[in-house]
Structures are given as C-alpha cells and as structure tokens.
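Everything on this sheet refers to the single structure shown next.
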Amino acid sequence: MPSIAKPIAKHPTLQKNALGLTIRDYEGSMSTLCAGCGHDSVTAGIIRALWELSTPPHRVAKLSGIGCSSKTPTYFVGGAHGFNSAHGRMPAIAGGAVAANRDLTYIGISGDGDSLSIGLGQLCHAIRRNLRMVYVIENNGVYGLTKGQFSASSDIGSKSKRGEANLMAPIDPVSMALSIGATFVARSFSGDKEQLVPILKAAFSHKGFALIDVISPCVTFNDHKGSTKSYLYTRQHAMRATQTDFVPPQHEILAAIGTNGATAVTMHDGSVIQFKQVPKGYDPTNRASVMRFLDEHRASNQIVTGLLYVDPNSSDIHEMKQTSETPLRDLPYDVLCPGSAALEKLQEEYR
Amino acid sequence: MHDVLRTRVNDFAVKLANVNGTGSASANSLIMQAIFRMGIPVTGKNLFPSNIQGLPTWYEIRVNHDGYGARALDYDLMVAMNGQTYKQDVQEVRPGGYLIYDSTWPLDPSLMREDIIIWGIPLAEMCNTHFDDPRARILMKNIAYAGAMVAALDIDMGVIEQMLDEKFAGKQAMRASNLQALKLGYDYAKDNFECPLPFRLEKMDANGDKVLIDGNTATALGCLYAGATVAAWYPITPATSVMDAFTSLCAEFRVDRETGKNNYLILQAEDELAAMGMVLGATWNGARSFTSTAGPGISLMNELIGFGYYAELPAVLIDVQRVGPSTGMPTRTQQSDLLLCAYASHGDTKHILLFPANPNECFHFAVKAFDLADQFQTPVIMLSDLDIGMNDWVVPRIQWDDSYRPNRGRVLTKEDLDNGPKFTRYSPEDENFVAARTLPGVSTKGSYFTRGSGHNKFGGYTETPSEYQEVMDRLKKKHAAAAKFIPEPDILRREGAAFGVITMGGCNPACLEALELLERQGTPADYMRLKGFPFSDVVEQFLAEHEFCIVVEQSRDAQLKSLLTLETAVPKEKLKSVLSYSGFPLSAAHVVKGILECLR
C-alpha cells in the first residue's frame, strides 16, 4: 500500500517506557486512509498499548490481509516486520509464522470483508488452533476499497450510501468466535480509546488467540443516516458491558477488587485483568453466560462492548502440540537431522 | 507350444484381482517382498479404486532378471479372487497362462478358456473349516492364495517364514494362524497340481544393497533430513502417505529425549489455501517448511504460490500427481500437473520444478528442493506421481552424507545488519539475481514489509512502471539462473541413433526398456531424462543435435513437449509425442508402439 514516511521529530520531554522508547518509536508511516477513518484510532490504540507494555519493536510481527484495515500495519511499529498477505489468508500465514517462532508478539489486522467473507474459514480455524496472537477485526460493515458494497457484518436493514437496505443476516464475529471455543473475545469501538487500550494490553498477555472486534466506522461509505455502523449509531447503541484495567505482572495491584460485581482474572504470565465494571451476574470466564448475555442484548439492538470472555487457562497450539520451547526456527540442524547411521538402520525395515 | 510352457526363470508377470478392503494388500506385498528378498528384480503396481471397501482392485507383480521394472501387460498368472471381475480377469491371461480362482463357488462355464490352465482351489471353504472368527476367515483367504503362489512360483518358504517372524514378533497366535493359512494354500497346490509352474523363481543376487520403498515414504525421509520443522497439509490421495510417513518419522527422530518436546509442528490445515499460507508464514519466519498435495490442492494453492514467487519466500511443495482434470481419478497416475506447476498463479510467474523418477530420487530431490527454495527464495515444486509415490520400488539404498549442511540462502544476521549498509529487501542482488532477506524478530534494522502488491527493489510499495518492471525482470533472470543448480538430465547415447527420446519422472523404466527393445529391432535412439525445470544448456544441446525428438509423457496434451517448445529454442516441428494418460503406469510395449508410429 502507498505510504508516506513520517518526519522524525521527537519532543525531548516525551515520556519513555521501560525500554527507554517514546511512543513515537512505536509509530509507522503516515496513514493514507480517509481523514476521520476509525482505523486510524485503532492504530493509535495499538501504538499506545505496545508502548505501555514496553514490547521491543523488533519482537513484534504484524500481519494483515487485504482491504483498508489491512493497510494499517504500515502505520504502527515501523521497526517490526510486516506481512501484508492475500485477501482472507492472513490467519493461515499467521499459523505458519507462529509455528516457526513461538517467541514473537503477533498482531493480525483484518476487516469484516477479509475475516467474515473471503477469510471466514481461515479465521475459524485459527481460533480452533488457538494461535497465540492478537487478532483485530476493524469492522465497518462495508467494502471501502471497492467503493461501498455491503459486507457480511452489515446488519439487516442497514442502508448503503445509495439508500439500498441490506436484507441478509449479519455474521457477528463475537458470537461466532464464542461458539467455536475462542479463548479471548472482546468488542470495542474505535471511538473509545479508554476501553480499547486496556483490552489490547490484556490481549497481548493472553496465551492463545485474542479476538477483538472493533466497530470502526467508514467515514466515506458507511457513516450516513440509516447505517448501523456509523459513528452516531454506534455511540447511541454501544453498551459498555465491561470496563477493564490491565495490570502487568510486575505491578502491584492497588485497586480494590470485588466491588460492584467486578472480578479479577489472573493471566498465565501473572498479569491481572481487573473488571472494574460488569453487569450483575455476568461472569467473563463463563462462556455460556456470556453467550446468553449477548443474545439478550442483540435482540434489543444494543452493541455490547468490552472484554467479554477470557479463559485464563487457555492452551495455545504449541502447548497442545507439545512443541519445543526453543522456537523451531532456532533449532540447530544437527538436532534436526538423524544422520547417516540412523538412515542406514531405518532402511533395514525396507528390505 | 506356447512360450509360457517353456521353462522361464525370473521373467514373468502375475496379476492379482481382489476386492478392496479385504486385506489382500498385505498378502500381495508379502509375495512381492519375498521375491525381493530372494534377490530377484521385482516391481509391484497397485491398481486400486477410490473407495474404502468393496470395489475391484488389482495388484501386478513383474519379475524380470534384467531389472526392467515397467508395468507388463501380458499376465502369465492371474489370481482371480474377485467374482465381480472374473470375466475381464480370465480374458487378460495370456494364452498358455494360468489362472487360480476360489473353487468354493463354481466358475461360470461360459468363462472357461481352452487355452489357459485353470486351478480351482477351495480357499474360502478351507479357511471356513480352519478358522472360527469371521474376519479371520476373510483375511486368511488372502494368505492362503499367497501360499498357493509360494508353491506355484517356487518362492523360498524360509524367506516367507522369516518375514512372518518379523511381522508378528511378539504376536505368536497371529504368526501361527498366518502360517497355517499359508500352508493350507501351499499344500493344496502341491497335492493337486504340478508345482512349480514352468515360469518360476530362482534365487539371484541382483538386489545387493537395494531397498524396497515407496516414493512417498522416501519423500518424507528427504524432508526430515533436509531439516523441515513446519509441515502444513490437507489430506488428499495420493499424497496423504507423505505426511503420514513424515508424522511417524518425526515421532521417532524429532522428539527431544530429555524434555519429551517435539522439534517439529505438523499443521493439518482446513484446506490447501491455508496449507500454502502456513508454509509461507513459516518460511518468512525462518523455518524450513513444506506441504504435500496433489493436483486439486495445487489448483487451490495457486493464489499463494504466486505470492511466494513475487514476495520471494521459500516454499517446498510436493505434488504427488494423480489423474485430472477436476477430481479426475484420485487413485490413478498421470503427469498432467506439469504446466499448472510451471506457471502456477496469475500474472507472470515461473517456478522451479524437480522431476524424481523413483523413490531414491524422491529422497534426494526433496532435500534439493529445500536448498533451492532457500537459495532462490521462491516456491519449488517436486512433481512426483501416484505410481512413484504409492508403489513399492526396488531402488539403490539411500545414502546420506553427514557433511551436508542446508543451504539457507542469503539471510542477514543481527551482526550483518549492525555492521552492514542500510538494508533494503530486494537489492542489491548477487550473481544469481537473489537479494538478501531478513527474519522477523532479529533487529529493527532489518524490518520491512513483505507484500504481494507492487514493490520496488527496496521493498517499498510502488505503482511506478519502471520500478515494477525492474523487479519483474530480475525475477525472470533469477528463475533462469536456477537452471545450473537443477540436477542435470540423464543422457544415454546409442551408436547410430537417428533421433532422441525425451521423458521425465515415472516414465523412465518403460522408456529404458523400450529403447533396449527398439535397439534390438534395429532402431537405436538417444535418451534424455529431464530432472527439473528451468532447462539447462545441456537440454538445449540435446535438442539441437537431433534431427527430431520424441517426448514420452503421461498427459493428453503433451505438456512436457509444450514446456520444451515454450522454454527452449527447439522448433515445434522437431518434437513428436508418445502419450499415455489412461491412469495406469506406463509399459514398454506402449512406448515401443508409440515410437514406431512416430517413425512411420
């Protein structure tokens, strides 16, 4: 995708993270998306989350498919390798990448066309494999680059720019992911950074596939009256079911836990997700109750947001498959090759 | 007197007609392996249906003291164990030949032939008498006919008993019942017929150090020895046994003794689109990775093969070819994926191909494929086929050189990046037009975007015509440069040859035999067996120095001939074709007939 390099100008008073890097060190090229695009806010959230987590930029691997959303990895963490793959194929590419090196921080950026139409199968299977990665769907209900067709997440009755109403039922990535065993499921809104950044940070600490569906309005093709993915509609219908804080492992937990029905979930690396606010009776670690809650609120046209479900005991693909702790790509050849004597012996079976 | 009635030692063909899913495969391979162990050159061809149980299946065994191993079409002995196909099977016995059938049920008199000798053996009846378990009765019937063959062909009983000892080590009861069934058939044949037959076996020492192995197992071994750690695949006939073999090899050789952890990861993908994606993701991240598939899988992988070509990512694809188009005939063999693989994916693409001709080459070419993929940073496709992949072949023992180290191509380390000039992905290039790459996770100085969209020589996005073309032109030169790293063709010249015969892969045994037969008839021809693509100067030279060449291959549309026409300087009219695309392995008789027709 076309990109414009950002001028390097660092203000001396910019705050530094544990690596001594400023937030500007986590930026990429200048965005070429439309002014006001929700995706740019998501990009800003990712930059902040990775900076706050002090993730070394070169240890991040960014992957995407095709579409407006898939352009965005160019706009964050310029020091990381990026893989802008083919339409709908990013989950498979990520699968191979994660297989080869289990030690990097993987982030995949996709859209509703990329993930819910052409790449729906691959998304489902990446969830089943529980690849350790953060997977963001920048969901705007429309095909932008091809100028305004409905996507698979368009709601029934939602109108296109030309006034045509969508008649087909939407695929909701959150419900779909929960139904096939996803171990970390969240929904947020590009306009709600306060909610999105802690969710992203929690997602990076999750040992498994962390799906974040972000409603991210398309200002050019889907921000008009009658659209159910516009800024206005989303602001009016978003319902913050949960509000979370992310506490990294080395930090002392200061906030009180347990007020207002809130709960805390300790992740495998010792970090804690504090649910500051959850509805009465809502348990973010109970899949069935979360699915029930979502069904009830969908019926009343509410867009439920927040970190909705997490399985803190999740086993990723490497744990399931008992793969070597050393990344496969770093295993020396003499460990991998059985040698001539073994071949000689083996061939006795073929006599 | 028919020539079969004259004594013929170690030169005959047997066909066994069975019902699939009844356990006949183990009886047939028992016979095949016993002949191999007697030191006699032998080949077995499994002609099986795309089905789990109940349909006709055939197994052909050819014994030839000179080592000719192509499929033979004249059957001296037919073991007709399938009532559904009796009619056809009886017809296929050569005049003067023999037929064994299960006389528990009478043979339809209308199927009788005066010119063959028919042995009725009450196999089912004997097994029903001696075995109680219904499943054992079915399975043992196969071992019983194998016993009759032991008597008929003079197979060394000591060899068979040794094999049963090995196969049923620790399972005494199984060994005993198998031996009992074997003796039932053996004794019945000895007591009721004149054994051995005029065509029969005699121990030789022709197999020396050779092994009896199928191409898919050898391919998996090659991938193991090449150091592949990530494999991604989708089940498909006839490639499935590549990954089955790789899985069991990894379980044996790739589990860390101390930690019990696996030094490999095999991903069963949701489809071939994903399998190819996984391979590219893994190689981008620095692992050696491969997929195994067949034609329908290659069709799906086309999208990302093009990505790998353009973004310059290594990948190894094993295509065990079957009959197309579409689903075609999944359990039959062909070489009709050639053009699809040579130019896989949309846009201008060209790929490196390897054509192994037997399981030994499957091993070595698989290793070669990984080296070429890494060296040239591009997908490499090894074109095996069902005949090579799924049949057992007698081949020279696979030798491994412990000094081998993988050629990982130009990959920059952190030190290279810290000390070298500013990294750009697609320049500068080396003498083979390959630029250095970097791996994720190493250094911010090596970061870049891998993309399938238009890019310039620095790796940046471009829509500028000259920048786009510059990269595309280099890719073309890079592909051409690979020619000198592809194994050179086997060339066999004959005195007085007026023309050349060109082939690839599994056609080799039939061609070698056909050329011998033609020479005896006074028609010597030179021979060139291609081992890969792009073609080298040696290929050009062979084409140039012959008045005309005949290309023998297994596709309807003469794909190898087309590829030679497109990719060498040979004029179209200098190439003729002998084609076989029925789905069965090629026979020398077919090649001789085809070549003679070309010469008319």
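Going through the structure tokens in order, the chains are called A, B, and so on, while each chain numbers its residues from 1 and the ligands are numbered from 1 in the order shown.
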Each chain B residue no farther than 6 Å from chain A, nearest pair in Å, only C-alpha atoms, as CSV:
```
residue,atom,partner,partner_atom,distance
B:Val211,CA,A:Arg351,CA,5.3
B:Leu212,CA,A:Tyr350,CA,5.2
B:Ile213,CA,A:Tyr350,CA,5.9
B:Tyr225,CA,A:Cys337,CA,5.1
B:Gly227,CA,A:Leu336,CA,5.4
B:Lys261,CA,A:Ser324,CA,4.9
B:Asn262,CA,A:Thr323,CA,4.6
B:Asn263,CA,A:Ser324,CA,5.5
B:Ala274,CA,A:Ala92,CA,5.0
B:Gly277,CA,A:Ile93,CA,4.6
B:Met278,CA,A:Gly96,CA,3.8
B:Val279,CA,A:Gly96,CA,5.8
B:Gly281,CA,A:Ile93,CA,4.2
B:Ala282,CA,A:Gly96,CA,4.2
B:Asn285,CA,A:Ala97,CA,5.5
B:Gly286,CA,A:Arg329,CA,5.5
B:Ala287,CA,A:Arg329,CA,4.4
B:Trp400,CA,A:Ser340,CA,5.1
B:Pro440,CA,A:His81,CA,5.3
B:Gly441,CA,A:Arg59,CA,4.5
B:Ser443,CA,A:His58,CA,5.4
B:Thr444,CA,A:Gly79,CA,4.4
B:Ser447,CA,A:His81,CA,4.6
B:Tyr448,CA,A:His81,CA,5.3
B:Phe449,CA,A:Gly82,CA,4.5
B:Thr450,CA,A:Phe83,CA,4.7
B:Arg451,CA,A:Asn84,CA,4.9
B:Tyr461,CA,A:Met1,CA,5.6
```
Each region 75-154 of chain A residue no farther than 7 Å from region 199-217 of chain A, nearest pair in Å, only C-alpha atoms, as a tab-separated table:
```
residue	atom	partner	partner_atom	distance
A:Ile127	CA	A:Phe209	CA	6.0
A:Asn130	CA	A:Phe209	CA	4.8
A:Leu131	CA	A:Phe209	CA	5.1
A:Arg132	CA	A:Gly208	CA	3.9
A:Met133	CA	A:Phe209	CA	5.2
A:Val134	CA	A:Ala210	CA	4.8
A:Tyr135	CA	A:Leu211	CA	4.9
A:Val136	CA	A:Ile212	CA	4.8
A:Ile137	CA	A:Asp213	CA	4.8
A:Glu138	CA	A:Val214	CA	5.1
A:Asn139	CA	A:Ile215	CA	4.8
A:Asn140	CA	A:Pro217	CA	4.9
```
- [ ] Taking the DSSP assignment computed from this structure's backbone, write out as a VMD selection string all residues of region 331-572 of chain B that belong to alpha helix (DSSP H).
- [x] chain B and resid 338 to 342 359 to 376 386 to 390 414 to 419 465 to 481 508 to 520 537 to 545 559 to 567
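As for CA of Phe246 (chain A) and CA of Ala186 (chain A), they are spaced 13.8 Å apart.
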Task: Selected residue of minimal separation from Ile143 (chain B) among B:Pro571, B:Gly185, B:Pro296, B:Gly44, counting only C-alpha atoms - done: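 Checking each of B:Pro571, B:Gly185, B:Pro296, B:Gly44 against Ile143 (chain B), counting only C-alpha atoms, the winner is B:Gly185.
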Any idea what's packed within 7 Å of Met204 (chain B), counting only C-alpha atoms, ignoring anything in its chain fewer than 6 positions away? Could you give it as a tab-separated table (two decimals) with N, CA and C atoms, in the first residue's frame?
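Generated file (part_29.tsv):
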```tsv
chain	number	residue	atom	x	y	z
B	38	MET	N	14.57	-62.71	-2.27
B	38	MET	CA	15.26	-63.80	-2.97
B	38	MET	C	16.31	-63.24	-3.94
B	39	GLY	N	16.46	-61.94	-3.91
B	39	GLY	CA	17.50	-61.29	-4.72
B	39	GLY	C	17.12	-61.10	-6.17
B	40	ILE	N	15.80	-61.17	-6.45
B	40	ILE	CA	15.34	-61.11	-7.84
B	40	ILE	C	14.72	-59.73	-8.10
```
